[in-house]
$ cat my_file-v4.tsv   # TSV, N, CA and C atoms
chain	number	residue	atom	x	y	z
A	30	MET	N	-24.60	82.25	2.94
A	30	MET	CA	-23.31	82.10	2.31
A	30	MET	C	-22.44	81.18	3.15
A	31	ILE	N	-21.68	80.26	2.50
A	31	ILE	CA	-20.81	79.31	3.19
A	31	ILE	C	-19.41	79.91	3.25
A	32	PRO	N	-18.78	79.93	4.44
A	32	PRO	CA	-17.42	80.46	4.55
A	32	PRO	C	-16.44	79.64	3.71
A	33	ALA	N	-15.33	80.25	3.32
A	33	ALA	CA	-14.34	79.64	2.42
A	33	ALA	C	-13.79	78.33	2.93
A	34	GLY	N	-13.54	78.16	4.21
A	34	GLY	CA	-12.94	76.93	4.73
A	34	GLY	C	-13.94	75.93	5.24
A	35	ALA	N	-15.22	76.19	5.09
A	35	ALA	CA	-16.27	75.33	5.64
A	35	ALA	C	-16.41	74.06	4.81
A	36	PRO	N	-16.82	72.94	5.47
A	36	PRO	CA	-17.06	71.71	4.73
A	36	PRO	C	-18.15	71.93	3.69
A	37	GLY	N	-18.04	71.26	2.56
A	37	GLY	CA	-19.03	71.39	1.51
A	37	GLY	C	-18.66	72.48	0.51
A	38	ARG	N	-17.72	73.30	0.82
A	38	ARG	CA	-17.28	74.36	-0.09
A	38	ARG	C	-16.05	73.85	-0.85
A	39	ARG	N	-16.07	73.97	-2.15
A	39	ARG	CA	-14.95	73.52	-2.95
A	39	ARG	C	-13.79	74.51	-2.86
A	40	ALA	N	-12.61	73.95	-2.68
A	40	ALA	CA	-11.41	74.78	-2.69
A	40	ALA	C	-10.95	74.91	-4.13
A	41	HIS	N	-10.57	76.08	-4.52
A	41	HIS	CA	-10.08	76.30	-5.87
A	41	HIS	C	-8.57	76.17	-5.87
A	42	ALA	N	-8.05	75.30	-6.72
A	42	ALA	CA	-6.61	75.04	-6.78
A	42	ALA	C	-5.99	75.68	-8.02
A	43	ALA	N	-6.37	76.92	-8.29
A	43	ALA	CA	-5.85	77.58	-9.48
A	43	ALA	C	-4.43	78.07	-9.27
A	44	ARG	N	-4.01	78.21	-8.03
A	44	ARG	CA	-2.66	78.70	-7.76
A	44	ARG	C	-1.89	77.65	-6.97
A	45	SER	N	-0.63	77.50	-7.28
A	45	SER	CA	0.21	76.51	-6.63
A	45	SER	C	1.11	77.20	-5.61
A	46	PRO	N	1.08	76.74	-4.33
A	46	PRO	CA	1.94	77.35	-3.33
A	46	PRO	C	3.41	77.08	-3.59
A	47	LEU	N	3.74	76.03	-4.37
A	47	LEU	CA	5.13	75.71	-4.65
A	47	LEU	C	5.77	76.69	-5.63
A	48	ARG	N	4.98	77.38	-6.38
A	48	ARG	CA	5.50	78.30	-7.39
A	48	ARG	C	5.26	79.76	-7.00
A	49	GLY	N	5.11	79.99	-5.72
A	49	GLY	CA	4.93	81.36	-5.28
A	49	GLY	C	3.62	81.97	-5.74
A	50	GLY	N	2.59	81.15	-5.84
A	50	GLY	CA	1.28	81.67	-6.20
A	50	GLY	C	1.06	81.74	-7.70
A	51	ALA	N	1.99	81.25	-8.51
A	51	ALA	CA	1.80	81.25	-9.96
A	51	ALA	C	0.71	80.27	-10.33
A	52	PRO	N	-0.03	80.53	-11.39
A	52	PRO	CA	-1.10	79.60	-11.78
A	52	PRO	C	-0.55	78.21	-12.06
A	53	ALA	N	-1.31	77.18	-11.63
A	53	ALA	CA	-0.92	75.80	-11.91
A	53	ALA	C	-1.17	75.52	-13.38
A	54	GLY	N	-0.33	74.75	-14.00
A	54	GLY	CA	-0.50	74.43	-15.41
A	54	GLY	C	0.72	73.71	-15.93
A	55	PRO	N	0.93	73.76	-17.26
A	55	PRO	CA	2.09	73.08	-17.84
A	55	PRO	C	3.39	73.61	-17.24
A	56	SER	N	4.34	72.71	-17.09
A	56	SER	CA	5.62	73.07	-16.50
A	56	SER	C	6.40	73.96	-17.45
A	57	THR	N	6.99	75.00	-16.88
A	57	THR	CA	7.84	75.89	-17.67
A	57	THR	C	9.31	75.60	-17.42
A	58	ALA	N	9.59	74.58	-16.61
A	58	ALA	CA	10.97	74.20	-16.32
A	58	ALA	C	11.59	73.56	-17.56
A	59	PRO	N	12.90	73.72	-17.74
A	59	PRO	CA	13.56	73.08	-18.89
A	59	PRO	C	13.43	71.55	-18.80
A	60	PRO	N	13.43	70.86	-19.94
A	60	PRO	CA	13.24	69.40	-19.94
A	60	PRO	C	14.20	68.65	-19.04
A	61	GLU	N	15.46	69.08	-18.95
A	61	GLU	CA	16.43	68.35	-18.14
A	61	GLU	C	16.13	68.44	-16.65
A	62	GLU	N	15.26	69.38	-16.24
A	62	GLU	CA	14.89	69.53	-14.83
A	62	GLU	C	13.56	68.87	-14.49
A	63	ARG	N	12.82	68.39	-15.49
A	63	ARG	CA	11.49	67.83	-15.26
A	63	ARG	C	11.49	66.37	-14.84
A	64	GLY	N	12.57	65.66	-15.03
A	64	GLY	CA	12.58	64.24	-14.69
A	64	GLY	C	12.53	63.39	-15.94
A	65	SER	N	12.29	62.11	-15.76
A	65	SER	CA	12.25	61.21	-16.90
A	65	SER	C	11.18	60.16	-16.71
A	66	THR	N	10.81	59.53	-17.81
A	66	THR	CA	9.85	58.44	-17.79
A	66	THR	C	10.59	57.17	-18.16
A	67	THR	N	10.40	56.13	-17.38
A	67	THR	CA	11.04	54.85	-17.65
A	67	THR	C	9.99	53.86	-18.13
A	68	VAL	N	10.25	53.22	-19.26
A	68	VAL	CA	9.35	52.20	-19.80
A	68	VAL	C	10.00	50.85	-19.55
A	69	ALA	N	9.33	49.99	-18.82
A	69	ALA	CA	9.87	48.67	-18.48
A	69	ALA	C	9.97	47.79	-19.72
A	70	ASP	N	10.95	46.89	-19.71
A	70	ASP	CA	11.13	45.96	-20.83
A	70	ASP	C	9.87	45.14	-21.08
A	71	ARG	N	9.18	44.76	-20.02
A	71	ARG	CA	7.96	43.96	-20.17
A	71	ARG	C	6.88	44.74	-20.93
A	72	VAL	N	6.84	46.04	-20.73
A	72	VAL	CA	5.88	46.87	-21.45
A	72	VAL	C	6.24	46.90	-22.93
A	73	VAL	N	7.52	47.04	-23.23
A	73	VAL	CA	7.98	47.03	-24.63
A	73	VAL	C	7.62	45.70	-25.28
A	74	GLU	N	7.83	44.60	-24.56
A	74	GLU	CA	7.46	43.28	-25.09
A	74	GLU	C	5.98	43.20	-25.40
A	75	ARG	N	5.15	43.66	-24.49
A	75	ARG	CA	3.70	43.58	-24.71
A	75	ARG	C	3.24	44.45	-25.86
A	76	VAL	N	3.82	45.62	-26.00
A	76	VAL	CA	3.48	46.49	-27.13
A	76	VAL	C	3.88	45.80	-28.43
A	77	ALA	N	5.07	45.20	-28.47
A	77	ALA	CA	5.54	44.51	-29.67
A	77	ALA	C	4.64	43.31	-30.00
A	78	LEU	N	4.27	42.53	-28.99
A	78	LEU	CA	3.39	41.38	-29.21
A	78	LEU	C	2.03	41.81	-29.74
A	79	SER	N	1.50	42.86	-29.16
A	79	SER	CA	0.19	43.38	-29.59
A	79	SER	C	0.26	43.86	-31.03
A	80	ALA	N	1.33	44.56	-31.38
A	80	ALA	CA	1.48	45.06	-32.75
A	80	ALA	C	1.62	43.90	-33.73
A	81	ALA	N	2.37	42.87	-33.37
A	81	ALA	CA	2.53	41.71	-34.25
A	81	ALA	C	1.19	41.01	-34.48
A	82	ALA	N	0.38	40.91	-33.43
A	82	ALA	CA	-0.91	40.24	-33.52
A	82	ALA	C	-1.89	40.98	-34.43
A	83	GLU	N	-1.64	42.27	-34.68
A	83	GLU	CA	-2.53	43.06	-35.53
A	83	GLU	C	-2.38	42.70	-37.01
A	84	HIS	N	-1.29	42.03	-37.39
A	84	HIS	CA	-1.08	41.68	-38.79
A	84	HIS	C	-2.05	40.57	-39.18
A	85	PRO	N	-2.70	40.66	-40.33
A	85	PRO	CA	-3.72	39.67	-40.70
A	85	PRO	C	-3.20	38.25	-40.93
A	86	ARG	N	-1.90	38.08	-41.21
A	86	ARG	CA	-1.40	36.72	-41.45
A	86	ARG	C	-0.71	36.10	-40.24
A	87	VAL	N	-0.61	36.83	-39.14
A	87	VAL	CA	0.00	36.29	-37.92
A	87	VAL	C	-1.07	35.48	-37.19
A	88	ARG	N	-0.70	34.27	-36.77
A	88	ARG	CA	-1.61	33.36	-36.07
A	88	ARG	C	-1.05	33.05	-34.69
A	89	PRO	N	-1.90	32.60	-33.77
A	89	PRO	CA	-1.40	32.18	-32.45
A	89	PRO	C	-0.48	30.97	-32.59
A	90	LEU	N	0.55	30.93	-31.77
A	90	LEU	CA	1.43	29.77	-31.74
A	90	LEU	C	0.66	28.61	-31.11
A	91	SER	N	0.93	27.39	-31.59
A	91	SER	CA	0.27	26.24	-30.99
A	91	SER	C	0.83	26.03	-29.59
A	92	GLU	N	0.00	25.52	-28.73
A	92	GLU	CA	0.44	25.27	-27.36
A	92	GLU	C	1.30	24.02	-27.34
A	93	ARG	N	2.43	24.15	-26.68
A	93	ARG	CA	3.35	23.02	-26.55
A	93	ARG	C	3.69	22.82	-25.09
A	94	LEU	N	4.17	21.68	-24.75
A	94	LEU	CA	4.57	21.35	-23.38
A	94	LEU	C	3.44	21.60	-22.38
A	95	GLY	N	2.26	21.14	-22.73
A	95	GLY	CA	1.13	21.25	-21.82
A	95	GLY	C	0.65	22.68	-21.64
A	96	GLY	N	0.88	23.54	-22.63
A	96	GLY	CA	0.42	24.91	-22.52
A	96	GLY	C	1.35	25.84	-21.77
A	97	LEU	N	2.55	25.35	-21.42
A	97	LEU	CA	3.48	26.21	-20.69
A	97	LEU	C	4.18	27.21	-21.59
A	98	VAL	N	4.25	26.91	-22.88
A	98	VAL	CA	4.94	27.78	-23.81
A	98	VAL	C	4.01	28.08	-24.97
A	99	GLY	N	4.11	29.26	-25.52
A	99	GLY	CA	3.38	29.58	-26.75
A	99	GLY	C	1.91	29.79	-26.59
A	100	ARG	N	1.49	30.50	-25.56
A	100	ARG	CA	0.07	30.73	-25.36
A	100	ARG	C	-0.42	32.01	-26.03
A	101	GLY	N	0.43	32.72	-26.70
A	101	GLY	CA	0.03	33.97	-27.31
A	101	GLY	C	0.27	33.97	-28.80
A	102	PRO	N	0.06	35.12	-29.43
A	102	PRO	CA	0.26	35.20	-30.87
A	102	PRO	C	1.73	35.17	-31.26
A	103	ALA	N	2.61	35.42	-30.31
A	103	ALA	CA	4.05	35.43	-30.59
A	103	ALA	C	4.80	35.39	-29.27
A	104	ARG	N	6.12	35.31	-29.38
A	104	ARG	CA	7.00	35.45	-28.20
A	104	ARG	C	7.94	36.59	-28.51
A	105	ALA	N	8.31	37.34	-27.49
A	105	ALA	CA	9.18	38.50	-27.73
A	105	ALA	C	10.29	38.55	-26.71
A	106	GLY	N	11.40	39.12	-27.13
A	106	GLY	CA	12.53	39.40	-26.26
A	106	GLY	C	13.01	40.81	-26.53
A	107	VAL	N	13.50	41.47	-25.49
A	107	VAL	CA	13.96	42.85	-25.61
A	107	VAL	C	15.36	42.95	-25.04
A	108	ARG	N	16.25	43.59	-25.80
A	108	ARG	CA	17.56	43.99	-25.29
A	108	ARG	C	17.60	45.50	-25.39
A	109	ARG	N	18.18	46.12	-24.39
A	109	ARG	CA	18.09	47.56	-24.31
A	109	ARG	C	19.44	48.19	-24.00
A	110	GLY	N	19.68	49.34	-24.59
A	110	GLY	CA	20.84	50.16	-24.29
A	110	GLY	C	20.40	51.60	-24.27
A	111	GLY	N	20.06	52.11	-23.09
A	111	GLY	CA	19.55	53.48	-22.98
A	111	GLY	C	18.17	53.58	-23.61
A	112	SER	N	18.06	54.45	-24.60
A	112	SER	CA	16.76	54.62	-25.27
A	112	SER	C	16.68	53.83	-26.58
A	113	ARG	N	17.67	52.96	-26.82
A	113	ARG	CA	17.67	52.12	-28.01
A	113	ARG	C	17.28	50.70	-27.64
A	114	VAL	N	16.47	50.08	-28.48
A	114	VAL	CA	15.92	48.76	-28.19
A	114	VAL	C	16.18	47.82	-29.35
A	115	ALA	N	16.52	46.58	-29.03
A	115	ALA	CA	16.60	45.51	-30.02
A	115	ALA	C	15.50	44.52	-29.68
A	116	LEU	N	14.65	44.23	-30.65
A	116	LEU	CA	13.53	43.31	-30.45
A	116	LEU	C	13.79	42.00	-31.17
A	117	ARG	N	13.27	40.92	-30.61
A	117	ARG	CA	13.30	39.62	-31.26
A	117	ARG	C	11.93	39.01	-31.07
A	118	LEU	N	11.24	38.74	-32.16
A	118	LEU	CA	9.91	38.15	-32.09
A	118	LEU	C	9.89	36.80	-32.79
A	119	GLU	N	9.19	35.85	-32.20
A	119	GLU	CA	8.92	34.55	-32.82
A	119	GLU	C	7.43	34.51	-33.08
A	120	ILE	N	7.07	34.30	-34.34
A	120	ILE	CA	5.66	34.35	-34.70
A	120	ILE	C	5.26	33.11	-35.49
A	121	ALA	N	3.96	32.87	-35.54
A	121	ALA	CA	3.38	31.85	-36.41
A	121	ALA	C	2.65	32.60	-37.53
A	122	VAL	N	2.72	32.05	-38.73
A	122	VAL	CA	2.15	32.70	-39.90
A	122	VAL	C	1.22	31.73	-40.60
A	123	ALA	N	0.14	32.27	-41.16
A	123	ALA	CA	-0.81	31.46	-41.93
A	123	ALA	C	-0.11	30.91	-43.16
A	124	TYR	N	-0.43	29.67	-43.49
A	124	TYR	CA	0.15	29.02	-44.67
A	124	TYR	C	-0.96	28.78	-45.68
A	125	PRO	N	-0.81	29.09	-46.91
A	125	PRO	CA	0.35	29.67	-47.57
A	125	PRO	C	0.33	31.20	-47.45
A	126	SER	N	1.50	31.78	-47.28
A	126	SER	CA	1.70	33.23	-47.23
A	126	SER	C	3.08	33.54	-47.78
A	127	PRO	N	3.28	34.74	-48.29
A	127	PRO	CA	4.63	35.14	-48.69
A	127	PRO	C	5.44	35.45	-47.44
A	128	LEU	N	6.30	34.54	-47.03
A	128	LEU	CA	6.97	34.63	-45.73
A	128	LEU	C	7.87	35.84	-45.58
A	129	ALA	N	8.71	36.11	-46.57
A	129	ALA	CA	9.64	37.25	-46.47
A	129	ALA	C	8.86	38.56	-46.37
A	130	ARG	N	7.84	38.71	-47.20
A	130	ARG	CA	7.04	39.94	-47.18
A	130	ARG	C	6.28	40.08	-45.87
A	131	THR	N	5.75	38.97	-45.37
A	131	THR	CA	5.03	39.01	-44.09
A	131	THR	C	5.97	39.43	-42.97
A	132	ALA	N	7.17	38.85	-42.92
A	132	ALA	CA	8.14	39.22	-41.89
A	132	ALA	C	8.51	40.70	-42.00
A	133	GLN	N	8.68	41.19	-43.21
A	133	GLN	CA	9.03	42.60	-43.43
A	133	GLN	C	7.89	43.52	-42.96
A	134	GLU	N	6.64	43.16	-43.28
A	134	GLU	CA	5.50	43.96	-42.87
A	134	GLU	C	5.34	43.97	-41.36
A	135	VAL	N	5.50	42.80	-40.73
A	135	VAL	CA	5.40	42.71	-39.27
A	135	VAL	C	6.50	43.55	-38.63
A	136	ARG	N	7.72	43.44	-39.13
A	136	ARG	CA	8.86	44.22	-38.61
A	136	ARG	C	8.56	45.72	-38.67
A	137	ALA	N	8.09	46.19	-39.81
A	137	ALA	CA	7.82	47.62	-39.98
A	137	ALA	C	6.72	48.09	-39.03
A	138	HIS	N	5.65	47.30	-38.91
A	138	HIS	CA	4.53	47.68	-38.05
A	138	HIS	C	4.93	47.66	-36.57
A	139	VAL	N	5.65	46.62	-36.16
A	139	VAL	CA	6.08	46.52	-34.76
A	139	VAL	C	7.03	47.67	-34.42
A	140	THR	N	7.97	47.96	-35.30
A	140	THR	CA	8.93	49.04	-35.06
A	140	THR	C	8.20	50.37	-34.91
A	141	ALA	N	7.31	50.68	-35.84
A	141	ALA	CA	6.58	51.96	-35.78
A	141	ALA	C	5.72	52.05	-34.53
A	142	THR	N	5.06	50.97	-34.15
A	142	THR	CA	4.19	50.99	-32.99
A	142	THR	C	4.97	51.15	-31.70
A	143	VAL	N	6.05	50.39	-31.55
A	143	VAL	CA	6.87	50.50	-30.33
A	143	VAL	C	7.45	51.90	-30.20
A	144	GLU	N	7.96	52.44	-31.29
A	144	GLU	CA	8.53	53.79	-31.22
A	144	GLU	C	7.47	54.84	-30.89
A	145	ALA	N	6.28	54.71	-31.48
A	145	ALA	CA	5.23	55.69	-31.24
A	145	ALA	C	4.69	55.63	-29.81
A	146	LEU	N	4.54	54.43	-29.27
A	146	LEU	CA	3.91	54.29	-27.95
A	146	LEU	C	4.88	54.40	-26.79
A	147	THR	N	6.17	54.13	-27.01
A	147	THR	CA	7.11	54.15	-25.89
A	147	THR	C	8.11	55.30	-25.95
A	148	GLY	N	8.30	55.88	-27.12
A	148	GLY	CA	9.29	56.94	-27.26
A	148	GLY	C	10.71	56.42	-27.38
A	149	LEU	N	10.87	55.10	-27.42
A	149	LEU	CA	12.19	54.48	-27.57
A	149	LEU	C	12.51	54.32	-29.06
A	150	THR	N	13.78	54.16	-29.38
A	150	THR	CA	14.21	53.95	-30.75
A	150	THR	C	14.49	52.46	-30.96
A	151	VAL	N	13.83	51.85	-31.92
A	151	VAL	CA	14.07	50.44	-32.24
A	151	VAL	C	15.17	50.41	-33.29
A	152	HIS	N	16.35	49.92	-32.89
A	152	HIS	CA	17.45	49.88	-33.85
A	152	HIS	C	17.52	48.55	-34.59
A	153	SER	N	16.86	47.52	-34.08
A	153	SER	CA	16.75	46.27	-34.83
A	153	SER	C	15.52	45.51	-34.34
A	154	ALA	N	14.90	44.81	-35.27
A	154	ALA	CA	13.75	43.97	-34.95
A	154	ALA	C	13.90	42.69	-35.76
A	155	ASP	N	14.26	41.62	-35.08
A	155	ASP	CA	14.42	40.32	-35.73
A	155	ASP	C	13.10	39.57	-35.64
A	156	ILE	N	12.60	39.16	-36.79
A	156	ILE	CA	11.35	38.42	-36.86
A	156	ILE	C	11.68	37.00	-37.31
A	157	GLU	N	11.35	36.03	-36.47
A	157	GLU	CA	11.58	34.63	-36.81
A	157	GLU	C	10.23	33.92	-36.93
A	158	ILE	N	9.99	33.35	-38.08
A	158	ILE	CA	8.75	32.59	-38.28
A	158	ILE	C	9.05	31.17	-37.82
A	159	VAL	N	8.46	30.79	-36.69
A	159	VAL	CA	8.76	29.50	-36.08
A	159	VAL	C	7.68	28.45	-36.35
A	160	GLU	N	6.58	28.89	-36.95
A	160	GLU	CA	5.49	27.94	-37.21
A	160	GLU	C	4.64	28.42	-38.37
A	161	LEU	N	4.21	27.48	-39.21
A	161	LEU	CA	3.27	27.76	-40.28
A	161	LEU	C	1.95	27.11	-39.91
A	162	VAL	N	0.88	27.86	-39.96
A	162	VAL	CA	-0.44	27.36	-39.57
A	162	VAL	C	-1.27	27.19	-40.83
A	163	PRO	N	-1.55	25.94	-41.22
A	163	PRO	CA	-2.33	25.73	-42.44
A	163	PRO	C	-3.78	26.19	-42.26
A	164	ALA	N	-4.37	26.58	-43.37
A	164	ALA	CA	-5.78	27.00	-43.36
A	164	ALA	C	-6.63	25.79	-43.00
A	165	PRO	N	-7.73	26.01	-42.30
A	165	PRO	CA	-8.62	24.88	-41.96
A	165	PRO	C	-9.18	24.24	-43.22
A	166	ARG	N	-9.31	22.92	-43.18
A	166	ARG	CA	-9.85	22.18	-44.33
A	166	ARG	C	-11.36	22.33	-44.39
A	167	VAL	N	-11.85	22.52	-45.58
A	167	VAL	CA	-13.28	22.62	-45.79
A	167	VAL	C	-13.80	21.25	-46.22
A	168	ARG	N	-14.85	20.81	-45.58
A	168	ARG	CA	-15.39	19.48	-45.91
A	168	ARG	C	-16.70	19.60	-46.58

$ encode --input "my_file-v4.tsv" --output "structure tokens"
Amino acid sequence: MIPAGAPGRRAHAARSPLRGGAPAGPSTAPPEERGSTTVADRVVERVALSAAAEHPRVRPLSERLGGLVGRGPARAGVRRGGSRVALRLEIAVAYPSPLARTAQEVRAHVTATVEALTGLTVHSADIEIVELVPAPRVR
């Protein structure tokens, strides 16, 4: 038999010394005493960009200025006030497409995704279509 403190013996962490020997598990402290989670603006931007790219009519922006700008499917900006977020996205859309409907669908999807993944409230999402990408020509 291996003694309890000997090397090779697993220590059982079923009880927490910080809670007076109470079993470790979900916190029973009230929410205001548990702390908070902060989501960086850059994370919100990336979630919004990823959600916009999921739409079937959104296309990558063409590279301009030697590839310094527009290397992704869209560009995003975030303004924040507490847990409320204002998003601004610039996207490229396949041509021909119903532009107003596409912008509305992208807005709804981006808003739902950002709210679900970050826990923040999107109070506005401005979608600007800055480029139309024609379908490739068939020869």

$ atom_distance --input "my_file-v4.tsv" --atom1 "CA of Ala69 (chain A)" --atom2 "CA of Glu160 (chain A)"
28.3 Å

$ residues_near_point --input "my_file-v4.tsv" --point "(17.1, 41.3, -35.6)" --cutoff "8 Å" --atoms "all atoms listed in the file" --output "ChimeraX atom specification"
/A:115-118,152-157

$ atom_distance --input "my_file-v4.tsv" --atom1 "CA of Leu161 (chain A)" --atom2 "CA of Pro85 (chain A)"
13.8 Å

$ closest_residue --input "my_file-v4.tsv" --among "A:Ala82, A:Leu149, A:Val159, A:Val87" --to "Thr66 (chain A)" --atoms "only C-alpha atoms"
A:Leu149

$ closest_residue --input "my_file-v4.tsv" --among "A:Val107, A:Pro60, A:Ala77, A:Thr67" --to "Val139 (chain A)" --atoms "all atoms listed in the file"
A:Ala77
